[in-house]
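K.L.:
This is the content of structure-v1.txt (compact mmCIF, C-alpha atoms):
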# COMPACT_ATOMS: atom_id res chain seq x y z
CA MET A 1 2.53 -2.06 28.33
CA SER A 2 0.57 0.94 27.01
CA ASP A 3 -0.02 2.22 30.56
CA THR A 4 3.71 1.93 31.31
CA ILE A 5 4.60 3.95 28.20
CA LYS A 6 1.87 6.48 28.96
CA ASN A 7 3.17 7.06 32.49
CA ALA A 8 6.74 7.39 31.18
CA VAL A 9 5.60 9.91 28.58
CA ILE A 10 3.85 12.02 31.21
CA GLU A 11 6.97 12.00 33.39
CA LYS A 12 9.08 13.12 30.43
CA LEU A 13 6.64 15.94 29.69
CA ARG A 14 7.15 17.27 33.23
CA GLN A 15 10.56 18.39 31.95
CA ILE A 16 8.92 20.89 29.58
CA LYS A 17 8.29 24.30 31.12
CA GLY A 18 5.04 26.12 30.53
CA PRO A 19 4.54 28.95 28.00
CA ASN A 20 5.77 31.56 30.53
CA LEU A 21 8.69 29.37 31.70
CA GLU A 22 6.88 28.69 34.98
CA GLY A 23 5.91 25.24 36.18
CA ASN A 24 5.63 22.46 33.57
CA ILE A 25 3.05 21.67 30.94
CA VAL A 26 1.72 18.68 32.89
CA SER A 27 1.24 20.38 36.27
CA LEU A 28 -0.27 23.39 34.49
CA GLY A 29 -2.92 21.09 32.98
CA LEU A 30 -1.97 21.89 29.39
CA VAL A 31 -1.54 18.30 28.18
CA SER A 32 -4.55 16.41 26.85
CA ASP A 33 -5.11 12.71 27.45
CA VAL A 34 -2.12 10.81 26.06
CA PHE A 35 -3.06 8.25 23.40
CA VAL A 36 -0.73 5.25 23.07
CA SER A 37 -1.06 2.47 20.52
CA ASP A 38 1.61 0.04 19.37
CA GLY A 39 4.54 2.43 19.75
CA ARG A 40 2.62 5.50 18.54
CA VAL A 41 1.94 8.36 20.95
CA ALA A 42 -0.39 11.30 20.36
CA PHE A 43 -1.56 14.22 22.49
CA SER A 44 -2.18 17.95 22.30
CA ILE A 45 -0.90 20.94 24.29
CA THR A 46 -3.25 23.82 25.03
CA VAL A 47 -1.73 27.26 24.43
CA PRO A 48 -3.10 30.80 23.95
CA ALA A 49 -4.27 31.18 20.35
CA GLU A 50 -2.32 34.38 19.77
CA ARG A 51 0.92 32.65 20.82
CA ALA A 52 0.52 29.43 18.83
CA GLN A 53 3.21 30.28 16.29
CA GLU A 54 5.57 31.63 18.93
CA LEU A 55 5.24 28.42 20.98
CA GLU A 56 6.01 26.00 18.15
CA PRO A 57 9.42 25.27 19.83
CA LEU A 58 7.50 24.08 22.91
CA ARG A 59 5.65 21.55 20.77
CA GLN A 60 8.91 20.41 19.18
CA ALA A 61 10.57 20.03 22.59
CA ALA A 62 7.67 17.91 23.85
CA GLU A 63 7.84 15.72 20.77
CA LYS A 64 11.58 15.27 21.20
CA VAL A 65 11.47 14.13 24.84
CA VAL A 66 8.59 11.76 24.16
CA LYS A 67 10.57 10.02 21.43
CA GLU A 68 13.25 9.29 24.03
CA VAL A 69 10.86 7.01 25.94
CA ASP A 70 11.54 3.28 25.48
CA GLY A 71 8.89 1.71 23.29
CA VAL A 72 7.90 4.93 21.50
CA GLU A 73 8.41 4.72 17.74
CA ASN A 74 6.74 7.97 16.75
CA ALA A 75 4.98 10.92 18.38
CA MET A 76 2.24 13.18 17.08
CA VAL A 77 1.92 16.40 19.06
CA ALA A 78 -0.49 19.24 18.27
CA LEU A 79 -0.92 22.71 19.70
CA THR A 80 -4.53 23.41 20.66
CA ALA A 81 -5.70 27.02 20.88
CA GLU A 82 -7.64 28.11 23.95
CA ARG A 83 -11.11 29.49 23.57
CA ALA A 84 -11.41 33.20 23.89
CA PRO A 85 -13.32 34.59 26.90
CA GLY A 86 -17.05 34.13 26.59
CA GLY A 87 -16.73 30.79 24.81
CA ALA A 88 -15.97 32.18 21.36
CA ARG A 89 -13.27 30.40 19.44
CA ASN A 90 -10.11 32.24 18.54
CA THR A 91 -10.75 32.15 14.81
CA PRO A 92 -10.37 34.98 12.34
CA SER A 93 -13.46 37.16 12.27
CA ARG A 94 -15.51 37.33 9.11
CA PRO A 95 -14.62 40.16 6.76
CA ALA A 96 -16.88 43.18 6.73
CA PRO A 97 -19.52 43.07 3.98
CA SER A 98 -17.87 45.96 2.17
CA ARG A 99 -14.53 44.18 1.93
CA PRO A 100 -14.09 42.58 -1.52
CA GLN A 101 -13.76 38.80 -1.61
CA ARG A 102 -10.74 37.27 -3.27
CA ALA A 103 -11.38 35.44 -6.52
CA PRO A 104 -11.33 31.61 -6.30
CA GLU A 105 -8.06 31.38 -8.25
CA GLU A 106 -6.43 33.82 -5.80
CA GLN A 107 -7.66 31.78 -2.85
CA ALA A 108 -6.29 28.57 -4.40
CA ALA A 109 -2.96 30.23 -5.01
CA SER A 110 -2.74 31.19 -1.32
CA LYS A 111 -2.92 27.53 -0.25
CA PRO A 112 0.51 25.87 -0.43
CA GLY A 113 0.56 22.82 -2.67
CA VAL A 114 2.24 19.49 -2.04
CA PRO A 115 5.50 19.04 -3.99
CA GLY A 116 5.19 16.54 -6.83
CA ILE A 117 1.38 16.39 -6.80
CA LYS A 118 -0.37 18.03 -9.76
CA HIS A 119 -3.97 17.75 -8.59
CA ILE A 120 -5.70 16.86 -5.31
CA ILE A 121 -9.33 15.83 -5.41
CA ALA A 122 -11.66 14.99 -2.53
CA VAL A 123 -14.23 12.20 -2.61
CA ALA A 124 -16.91 13.14 -0.11
CA SER A 125 -20.41 12.32 1.08
CA GLY A 126 -22.83 14.04 3.38
CA LYS A 127 -23.37 10.87 5.40
CA GLY A 128 -21.84 7.46 6.00
CA GLY A 129 -22.98 4.19 4.48
CA VAL A 130 -23.21 5.32 0.85
CA GLY A 131 -20.10 3.45 -0.31
CA LYS A 132 -17.75 6.44 -0.45
CA SER A 133 -14.55 4.56 0.45
CA THR A 134 -15.28 1.72 -1.97
CA THR A 135 -15.93 4.33 -4.65
CA THR A 136 -12.70 6.14 -3.76
CA ALA A 137 -10.61 2.97 -4.10
CA ASN A 138 -12.14 1.92 -7.41
CA LEU A 139 -12.02 5.47 -8.78
CA ALA A 140 -8.31 5.74 -7.93
CA LEU A 141 -7.59 2.34 -9.48
CA ALA A 142 -9.60 3.30 -12.57
CA MET A 143 -7.55 6.50 -12.92
CA ALA A 144 -4.37 4.42 -12.72
CA ALA A 145 -5.78 2.03 -15.33
CA ASN A 146 -6.41 5.08 -17.52
CA GLY A 147 -2.70 5.90 -17.36
CA LEU A 148 -2.38 8.35 -14.46
CA LYS A 149 0.01 8.23 -11.51
CA VAL A 150 -2.27 8.10 -8.49
CA GLY A 151 -2.08 8.21 -4.70
CA VAL A 152 -4.80 7.84 -2.06
CA LEU A 153 -4.94 9.66 1.27
CA ASP A 154 -7.37 8.18 3.79
CA ALA A 155 -8.62 11.27 5.62
CA ASP A 156 -11.24 9.32 7.57
CA ILE A 157 -9.34 9.30 10.87
CA TYR A 158 -12.14 7.68 12.87
CA GLY A 159 -12.98 4.95 10.36
CA PRO A 160 -10.04 4.28 8.03
CA SER A 161 -10.92 1.79 5.27
CA VAL A 162 -8.05 2.18 2.80
CA PRO A 163 -5.74 -0.46 4.37
CA ARG A 164 -8.33 -3.19 3.92
CA LEU A 165 -9.53 -1.99 0.51
CA PHE A 166 -5.98 -2.03 -0.88
CA ASN A 167 -4.97 -5.13 1.11
CA VAL A 168 -2.01 -3.25 2.60
CA SER A 169 -0.63 -3.52 6.13
CA GLY A 170 2.53 -2.56 7.96
CA ARG A 171 4.18 0.59 9.23
CA PRO A 172 5.27 3.48 7.00
CA GLU A 173 9.05 3.83 7.05
CA SER A 174 10.72 7.11 7.93
CA VAL A 175 12.52 8.65 4.96
CA SER A 176 14.10 11.56 6.82
CA GLY A 177 13.06 13.23 10.05
CA ARG A 178 9.27 13.38 10.20
CA VAL A 179 8.77 12.46 6.53
CA LEU A 180 7.21 9.02 5.96
CA LYS A 181 7.27 6.75 2.94
CA PRO A 182 3.76 5.78 1.79
CA LEU A 183 2.82 2.15 1.39
CA GLU A 184 1.66 0.77 -1.97
CA GLY A 185 -1.24 -1.36 -3.08
CA TYR A 186 -1.89 -2.32 -6.71
CA GLY A 187 0.56 0.38 -7.83
CA ILE A 188 -1.22 3.10 -5.83
CA LYS A 189 0.64 5.00 -3.10
CA VAL A 190 -1.52 5.03 0.02
CA MET A 191 -1.41 6.63 3.46
CA SER A 192 -3.89 6.06 6.27
CA MET A 193 -4.22 6.35 10.03
CA GLY A 194 -5.08 2.67 9.79
CA PHE A 195 -1.36 1.98 9.31
CA MET A 196 -0.58 3.66 12.63
CA VAL A 197 -3.04 1.83 14.91
CA GLU A 198 -4.65 -1.58 15.12
CA GLU A 199 -7.89 -2.06 13.19
CA GLU A 200 -9.98 -2.44 16.38
CA THR A 201 -8.43 0.57 18.17
CA PRO A 202 -10.89 3.50 18.45
CA MET A 203 -9.53 6.98 17.69
CA ILE A 204 -10.87 9.09 20.56
CA TRP A 205 -9.48 12.42 19.36
CA ARG A 206 -10.71 15.99 19.41
CA GLY A 207 -10.67 18.24 16.34
CA PRO A 208 -7.12 19.68 16.76
CA MET A 209 -5.58 16.21 16.89
CA VAL A 210 -7.47 15.17 13.76
CA ILE A 211 -6.31 18.30 11.93
CA SER A 212 -2.71 17.71 13.01
CA ALA A 213 -2.85 14.09 11.83
CA LEU A 214 -4.32 15.08 8.46
CA THR A 215 -1.67 17.74 7.96
CA GLN A 216 1.11 15.27 8.71
CA MET A 217 -0.29 12.57 6.42
CA LEU A 218 -0.63 15.06 3.58
CA ARG A 219 2.48 17.22 3.86
CA GLU A 220 4.96 14.96 5.67
CA VAL A 221 4.75 12.01 3.29
CA ALA A 222 7.12 11.38 0.37
CA TRP A 223 4.39 11.07 -2.27
CA GLY A 224 6.77 11.52 -5.21
CA ASP A 225 5.39 12.61 -8.57
CA LEU A 226 1.64 12.08 -8.85
CA ASP A 227 -0.89 13.23 -11.42
CA VAL A 228 -3.69 12.93 -8.86
CA LEU A 229 -3.96 12.44 -5.11
CA VAL A 230 -7.43 11.16 -4.25
CA VAL A 231 -8.55 11.99 -0.71
CA ASP A 232 -11.12 9.72 0.92
CA MET A 233 -12.92 12.24 3.12
CA PRO A 234 -14.80 11.34 6.29
CA PRO A 235 -18.58 11.67 6.01
CA GLY A 236 -20.22 14.92 7.03
CA THR A 237 -19.10 18.55 7.10
CA GLY A 238 -16.90 18.85 10.21
CA ASP A 239 -13.34 19.85 11.12
CA ALA A 240 -11.61 17.43 8.77
CA GLN A 241 -13.59 18.54 5.74
CA LEU A 242 -13.11 22.24 6.47
CA THR A 243 -9.39 21.76 7.09
CA MET A 244 -8.92 20.05 3.73
CA ALA A 245 -11.09 22.59 1.91
CA GLN A 246 -9.51 25.68 3.47
CA GLN A 247 -5.85 24.66 3.74
CA VAL A 248 -5.32 22.38 0.74
CA PRO A 249 -5.44 23.53 -2.92
CA LEU A 250 -8.16 21.08 -3.91
CA ALA A 251 -8.70 20.81 -7.65
CA GLY A 252 -12.26 19.79 -6.89
CA ALA A 253 -14.61 17.48 -5.03
CA VAL A 254 -16.61 14.44 -6.10
CA ILE A 255 -19.84 13.82 -4.18
CA VAL A 256 -21.04 10.24 -3.65
CA SER A 257 -24.70 9.56 -2.86
CA THR A 258 -27.32 6.86 -3.17
CA PRO A 259 -30.52 7.69 -5.09
CA GLN A 260 -32.79 7.97 -2.04
CA ASP A 261 -34.00 11.34 -0.78
CA LEU A 262 -32.52 10.89 2.72
CA ALA A 263 -29.02 10.46 1.30
CA LEU A 264 -29.46 13.34 -1.15
CA ILE A 265 -30.40 15.72 1.68
CA ASP A 266 -26.98 15.14 3.25
CA ALA A 267 -25.22 15.13 -0.12
CA ARG A 268 -26.51 18.67 -0.69
CA LYS A 269 -24.89 19.77 2.56
CA GLY A 270 -21.52 18.43 1.48
CA LEU A 271 -21.87 19.97 -1.94
CA ASN A 272 -22.83 23.37 -0.54
CA MET A 273 -19.92 23.29 1.91
CA PHE A 274 -17.41 22.93 -0.93
CA LYS A 275 -19.11 25.69 -2.89
CA ARG A 276 -18.91 28.05 0.09
CA VAL A 277 -15.15 27.56 0.39
CA ASP A 278 -14.68 27.94 -3.39
CA VAL A 279 -13.78 24.33 -4.15
CA PRO A 280 -15.13 23.27 -7.58
CA VAL A 281 -17.63 20.41 -7.46
CA LEU A 282 -16.48 18.01 -10.17
CA GLY A 283 -19.72 16.08 -10.12
CA ILE A 284 -22.02 13.62 -8.38
CA ILE A 285 -21.85 9.81 -8.50
CA GLU A 286 -24.98 7.77 -7.85
CA ASN A 287 -23.79 4.66 -5.97
CA MET A 288 -26.03 1.61 -5.38
CA SER A 289 -28.06 3.03 -8.25
CA TYR A 290 -29.90 -0.18 -9.09
CA PHE A 291 -29.76 -3.90 -8.26
CA LEU A 292 -29.29 -6.58 -10.88
CA CYS A 293 -30.56 -9.95 -9.67
CA PRO A 294 -27.75 -12.53 -10.14
CA ASP A 295 -30.29 -15.32 -10.66
CA CYS A 296 -32.80 -13.86 -13.09
CA GLY A 297 -30.98 -10.79 -14.36
CA SER A 298 -33.92 -8.50 -13.62
CA ARG A 299 -33.33 -4.95 -12.40
CA HIS A 300 -34.69 -3.56 -9.13
CA ASP A 301 -34.46 0.08 -7.97
CA ILE A 302 -34.09 -0.70 -4.26
CA PHE A 303 -33.18 2.86 -3.21
CA GLY A 304 -35.13 4.52 -6.00
CA HIS A 305 -33.29 5.60 -9.13
CA GLY A 306 -32.11 8.79 -10.78
CA GLY A 307 -32.19 10.95 -7.67
CA ALA A 308 -28.52 11.94 -7.92
CA ARG A 309 -28.84 12.65 -11.65
CA ASP A 310 -31.83 14.92 -11.02
CA GLU A 311 -30.00 16.64 -8.16
CA ALA A 312 -26.95 17.25 -10.34
CA SER A 313 -29.16 18.78 -13.02
CA ARG A 314 -30.98 20.95 -10.49
CA LEU A 315 -27.73 22.24 -8.99
CA GLY A 316 -25.95 22.68 -12.31
CA VAL A 317 -23.06 20.26 -11.62
CA PRO A 318 -21.94 17.30 -13.77
CA PHE A 319 -23.51 13.91 -13.26
CA LEU A 320 -20.63 11.44 -13.43
CA GLY A 321 -22.41 8.10 -13.60
CA GLU A 322 -24.35 5.27 -11.97
CA ILE A 323 -22.75 2.39 -10.11
CA PRO A 324 -24.99 -0.66 -9.56
CA LEU A 325 -25.57 -2.44 -6.27
CA LEU A 326 -23.79 -5.75 -6.74
CA MET A 327 -22.64 -8.41 -4.30
CA LYS A 328 -19.42 -8.69 -6.29
CA ILE A 329 -18.48 -5.09 -5.48
CA ARG A 330 -19.00 -5.73 -1.78
CA GLU A 331 -17.22 -9.09 -1.81
CA THR A 332 -14.15 -7.82 -3.65
CA SER A 333 -13.92 -4.74 -1.43
CA ASP A 334 -14.06 -6.81 1.75
CA ALA A 335 -11.42 -9.14 0.33
CA GLY A 336 -9.06 -6.27 -0.48
CA THR A 337 -9.30 -6.88 -4.22
CA PRO A 338 -11.51 -4.03 -5.55
CA ILE A 339 -13.47 -4.90 -8.64
CA VAL A 340 -11.40 -2.68 -10.94
CA VAL A 341 -8.33 -4.91 -10.28
CA SER A 342 -10.11 -8.23 -9.71
CA ASP A 343 -12.25 -7.94 -12.87
CA PRO A 344 -10.55 -5.22 -14.93
CA GLU A 345 -12.35 -6.07 -18.17
CA GLY A 346 -15.78 -6.40 -16.57
CA THR A 347 -18.78 -4.12 -17.03
CA VAL A 348 -18.49 -2.51 -13.59
CA ALA A 349 -14.78 -1.79 -14.01
CA GLY A 350 -15.71 -0.12 -17.29
CA ILE A 351 -18.20 2.10 -15.46
CA TYR A 352 -15.54 3.18 -12.96
CA LYS A 353 -13.05 3.87 -15.76
CA ASP A 354 -15.61 5.99 -17.58
CA ILE A 355 -16.31 7.97 -14.40
CA ALA A 356 -12.55 8.34 -13.81
CA ALA A 357 -12.13 9.79 -17.30
CA LYS A 358 -14.95 12.26 -16.67
CA VAL A 359 -13.41 13.33 -13.35
CA ALA A 360 -10.01 13.84 -14.99
CA GLY A 361 -11.70 15.92 -17.69
CA GLU A 362 -13.51 18.06 -15.11
CA VAL A 363 -10.22 18.62 -13.24
CA GLU A 364 -8.53 19.85 -16.41
CA THR A 365 -11.53 22.08 -17.20
CA ALA A 366 -11.45 23.60 -13.71
CA ALA A 367 -7.69 24.17 -13.96
CA SER A 368 -8.06 25.82 -17.38
CA SER A 369 -10.85 28.06 -16.10
CA ALA A 370 -8.66 29.21 -13.21
CA GLU A 371 -5.82 30.01 -15.59
CA ARG A 372 -8.11 32.00 -17.91
CA ALA A 373 -9.52 33.89 -14.92
CA ALA A 374 -6.05 34.91 -13.69
CA PRO A 375 -5.22 38.59 -14.29
CA GLN A 376 -3.09 39.25 -17.37
CA ILE A 377 -0.20 41.74 -17.37
CA VAL A 378 -0.01 43.68 -20.60
CA PHE A 379 2.98 45.81 -21.59
CA ASP A 380 2.21 48.67 -23.99
So, in terms of structure tokens, how does the structure I just supplied come out?

P.N.:
Amino acid sequence: MSDTIKNAVIEKLRQIKGPNLEGNIVSLGLVSDVFVSDGRVAFSITVPAERAQELEPLRQAAEKVVKEVDGVENAMVALTAERAPGGARNTPSRPAPSRPQRAPEEQAASKPGVPGIKHIIAVASGKGGVGKSTTTANLALAMAANGLKVGVLDADIYGPSVPRLFNVSGRPESVSGRVLKPLEGYGIKVMSMGFMVEEETPMIWRGPMVISALTQMLREVAWGDLDVLVVDMPPGTGDAQLTMAQQVPLAGAVIVSTPQDLALIDARKGLNMFKRVDVPVLGIIENMSYFLCPDCGSRHDIFGHGGARDEASRLGVPFLGEIPLLMKIRETSDAGTPIVVSDPEGTVAGIYKDIAAKVAGEVETAASSAERAAPQIVFD
């Protein structure tokens, strides 16, 4: 069935003329591999970088004809810029050293916000396997328990975990045009690529497609009024992280790490990336900080202990707290009933709520600092 839809999509795209109104985008080799999964179609069109804005109607035309194909529920089309001669990417050149840098508050102001959302925070890690998504889910639920209106955006395109963590499945409904209605789990509005494809389907996408998907899930979703949108970032410091940091007015970033040196090396990279793009680091969380034996109650520092706290002190950023390594956290996460909702009065839920309160406090502090730093107009 997917091959039939794919072939029909390609035939439809032959109706779209190339950028210079010669030939068609398929015969000219401008269309990437077409990805089809359960009624969803995605591909990119390669165009000259300097004409990307001018050729937006071409992208819209391609999207329109694809939606006419039987079996296609939605289409995601991105424009991909060509590389400049010599292999250099068509990206803005760095400013000359003598050119003054804009202040952080000016840079934040230049990034368009998302209507209805007061603050957007990123939960990130330098590497995978440190429990970032589990931390994101419980942190968001703890913020909601503390009285905030919260949403979660799963920005991990290649390994979306939010659908399982929040025990949510189904397809987002279209509100109007391209705008989708987020799904809800435990009172949290959630959006994830995991709602668009089957759990076992690999996302074999290049950077431009990932960026396009992130932009759509952030800006073309009816989030409503939220105090905080928590973004579960993919691990590392690649295209997705830079896109969110450079194009979204992030109120700050929370770094998740385990205590061991190997994890902290990568955590530093993530932390330094946010600092370089003027995103405040709200603090570091030490996950899997220690193990409490369920039989004897004794404590074991399996991955060492205190490494994240020491790193936070060394780098001058807040240390937000320690989360223990417990089977119950893993079991409830796998079951889609995170520990903050399955055991809301428990010790671990209390730890998450305390961390959530600290994060909210750091967000308000960062926002106040930006306001104080803004230039004042004085009339004599």

K.L.:
Taking all atoms listed in the file into account, which of A:Ser176, A:Glu68, A:Asp232, A:Leu21 comes nearest Leu55 (chain A)?

P.N.:
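Of the candidates, the smallest distance to Leu55 (chain A) is held by A:Leu21.
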
K.L.:
Please return, as an NGL selection string, all polymer residues that have at least one atom within 12 Å of the point (-7.5, 12.2, 7.5); use only C-alpha atoms and the file's own coordinate frame.

P.N.:
:A and (122 or 152-162 or 190-194 or 203 or 207-219 or 230-235 or 238-244)

K.L.:
Nearest to Ile355 (chain A) among A:Leu315, A:Gly151, A:Leu183, A:Asn138, with distances taken over all atoms listed in the file: which residue is it?

P.N.:
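Of all the options, A:Asn138 lies closest to Ile355 (chain A).
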
K.L.:
Using all atoms listed in the file - which residues lie no farther than 10 Å from the point (-28.1, 0.8, -5.6) in the file's frame? Write them as a PyMOL selection string.

P.N.:
chain A and resi 130-131+257-260+286-292+300-305+322-326

K.L.:
If we count all atoms listed in the file, what is near Thr332 (chain A) at a cut-off of 9 Å, once residues fewer than 6 positions away on the same chain are taken out, given as a list in words?

P.N.:
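Here the answer would be Leu165, Pro338, Ile339 and Ser342 of chain A.
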
K.L.:
Could you save the residues just selected, with C-alpha atoms, as a PDB file, in the frame of the given file?

P.N.:
ATOM      1  CA  LEU A 165      -9.530  -1.990   0.510  1.00  0.00           C
ATOM      2  CA  PRO A 338     -11.510  -4.030  -5.550  1.00  0.00           C
ATOM      3  CA  ILE A 339     -13.470  -4.900  -8.640  1.00  0.00           C
ATOM      4  CA  SER A 342     -10.110  -8.230  -9.710  1.00  0.00           C
TER       5      SER A 342
END

K.L.:
Just the residues within 8 Å of region 30-47 of chain A, please, counting only C-alpha atoms, with nothing from its chain fewer than 4 positions along; format it as a PDB file with C-alpha atoms, keeping the file's coordinate frame.

P.N.:
ATOM      1  CA  SER A   2       0.570   0.940  27.010  1.00  0.00           C
ATOM      2  CA  ILE A   5       4.600   3.950  28.200  1.00  0.00           C
ATOM      3  CA  LYS A   6       1.870   6.480  28.960  1.00  0.00           C
ATOM      4  CA  ILE A  10       3.850  12.020  31.210  1.00  0.00           C
ATOM      5  CA  PRO A  19       4.540  28.950  28.000  1.00  0.00           C
ATOM      6  CA  ILE A  25       3.050  21.670  30.940  1.00  0.00           C
ATOM      7  CA  VAL A  26       1.720  18.680  32.890  1.00  0.00           C
ATOM      8  CA  ARG A  51       0.920  32.650  20.820  1.00  0.00           C
ATOM      9  CA  ALA A  52       0.520  29.430  18.830  1.00  0.00           C
ATOM     10  CA  LEU A  55       5.240  28.420  20.980  1.00  0.00           C
ATOM     11  CA  ARG A  59       5.650  21.550  20.770  1.00  0.00           C
ATOM     12  CA  GLY A  71       8.890   1.710  23.290  1.00  0.00           C
ATOM     13  CA  VAL A  72       7.900   4.930  21.500  1.00  0.00           C
ATOM     14  CA  GLU A  73       8.410   4.720  17.740  1.00  0.00           C
ATOM     15  CA  ASN A  74       6.740   7.970  16.750  1.00  0.00           C
ATOM     16  CA  ALA A  75       4.980  10.920  18.380  1.00  0.00           C
ATOM     17  CA  MET A  76       2.240  13.180  17.080  1.00  0.00           C
ATOM     18  CA  VAL A  77       1.920  16.400  19.060  1.00  0.00           C
ATOM     19  CA  ALA A  78      -0.490  19.240  18.270  1.00  0.00           C
ATOM     20  CA  LEU A  79      -0.920  22.710  19.700  1.00  0.00           C
ATOM     21  CA  THR A  80      -4.530  23.410  20.660  1.00  0.00           C
ATOM     22  CA  ALA A  81      -5.700  27.020  20.880  1.00  0.00           C
ATOM     23  CA  GLU A  82      -7.640  28.110  23.950  1.00  0.00           C
ATOM     24  CA  MET A 196      -0.580   3.660  12.630  1.00  0.00           C
ATOM     25  CA  VAL A 197      -3.040   1.830  14.910  1.00  0.00           C
ATOM     26  CA  GLU A 198      -4.650  -1.580  15.120  1.00  0.00           C
ATOM     27  CA  THR A 201      -8.430   0.570  18.170  1.00  0.00           C
ATOM     28  CA  PRO A 208      -7.120  19.680  16.760  1.00  0.00           C
ATOM     29  CA  MET A 209      -5.580  16.210  16.890  1.00  0.00           C
TER      30      MET A 209
END

K.L.:
Find the residue from A:Leu320, A:Val123, A:Ile16, A:Leu226 that sits nearest to Ala144 (chain A); use only C-alpha atoms when measuring.

P.N.:
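Under the stated criterion, the closest residue is A:Leu226.
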
K.L.:
Closest to Asn7 (chain A) among A:Asp334, A:Asp70, A:Glu22, A:Glu50, using all atoms listed in the file?

P.N.:
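Among A:Asp334, A:Asp70, A:Glu22, A:Glu50, it is A:Asp70 that comes nearest to Asn7 (chain A).
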
K.L.:
When you look at region 145-147 of chain A with a cut-off of 9 Å (counting only C-alpha atoms), what residues show up, excluding the ones that are within fewer than 3 positions of it in the same chain? I need them as a PyMOL selection string.

P.N.:
chain A and resi 140-142+340-341+344+353+356-357

K.L.:
I need the chosen residues saved as a JSON list (two decimals), keeping the file's coordinate frame, with C-alpha atoms.

P.N.:
[["chain", "number", "residue", "atom", "x", "y", "z"],
["A", 140, "ALA", "CA", -8.31, 5.74, -7.93],
["A", 141, "LEU", "CA", -7.59, 2.34, -9.48],
["A", 142, "ALA", "CA", -9.60, 3.30, -12.57],
["A", 340, "VAL", "CA", -11.40, -2.68, -10.94],
["A", 341, "VAL", "CA", -8.33, -4.91, -10.28],
["A", 344, "PRO", "CA", -10.55, -5.22, -14.93],
["A", 353, "LYS", "CA", -13.05, 3.87, -15.76],
["A", 356, "ALA", "CA", -12.55, 8.34, -13.81],
["A", 357, "ALA", "CA", -12.13, 9.79, -17.30]]

K.L.:
Residues near Lys181 (chain A), anyone? I mean within 8 Å using all atoms listed in the file, not counting same-chain ones fewer than 6 positions away, as a list in words.

P.N.:
Pro172, Glu173, Ser174, Val175, Val221, Ala222 and Trp223 of chain A
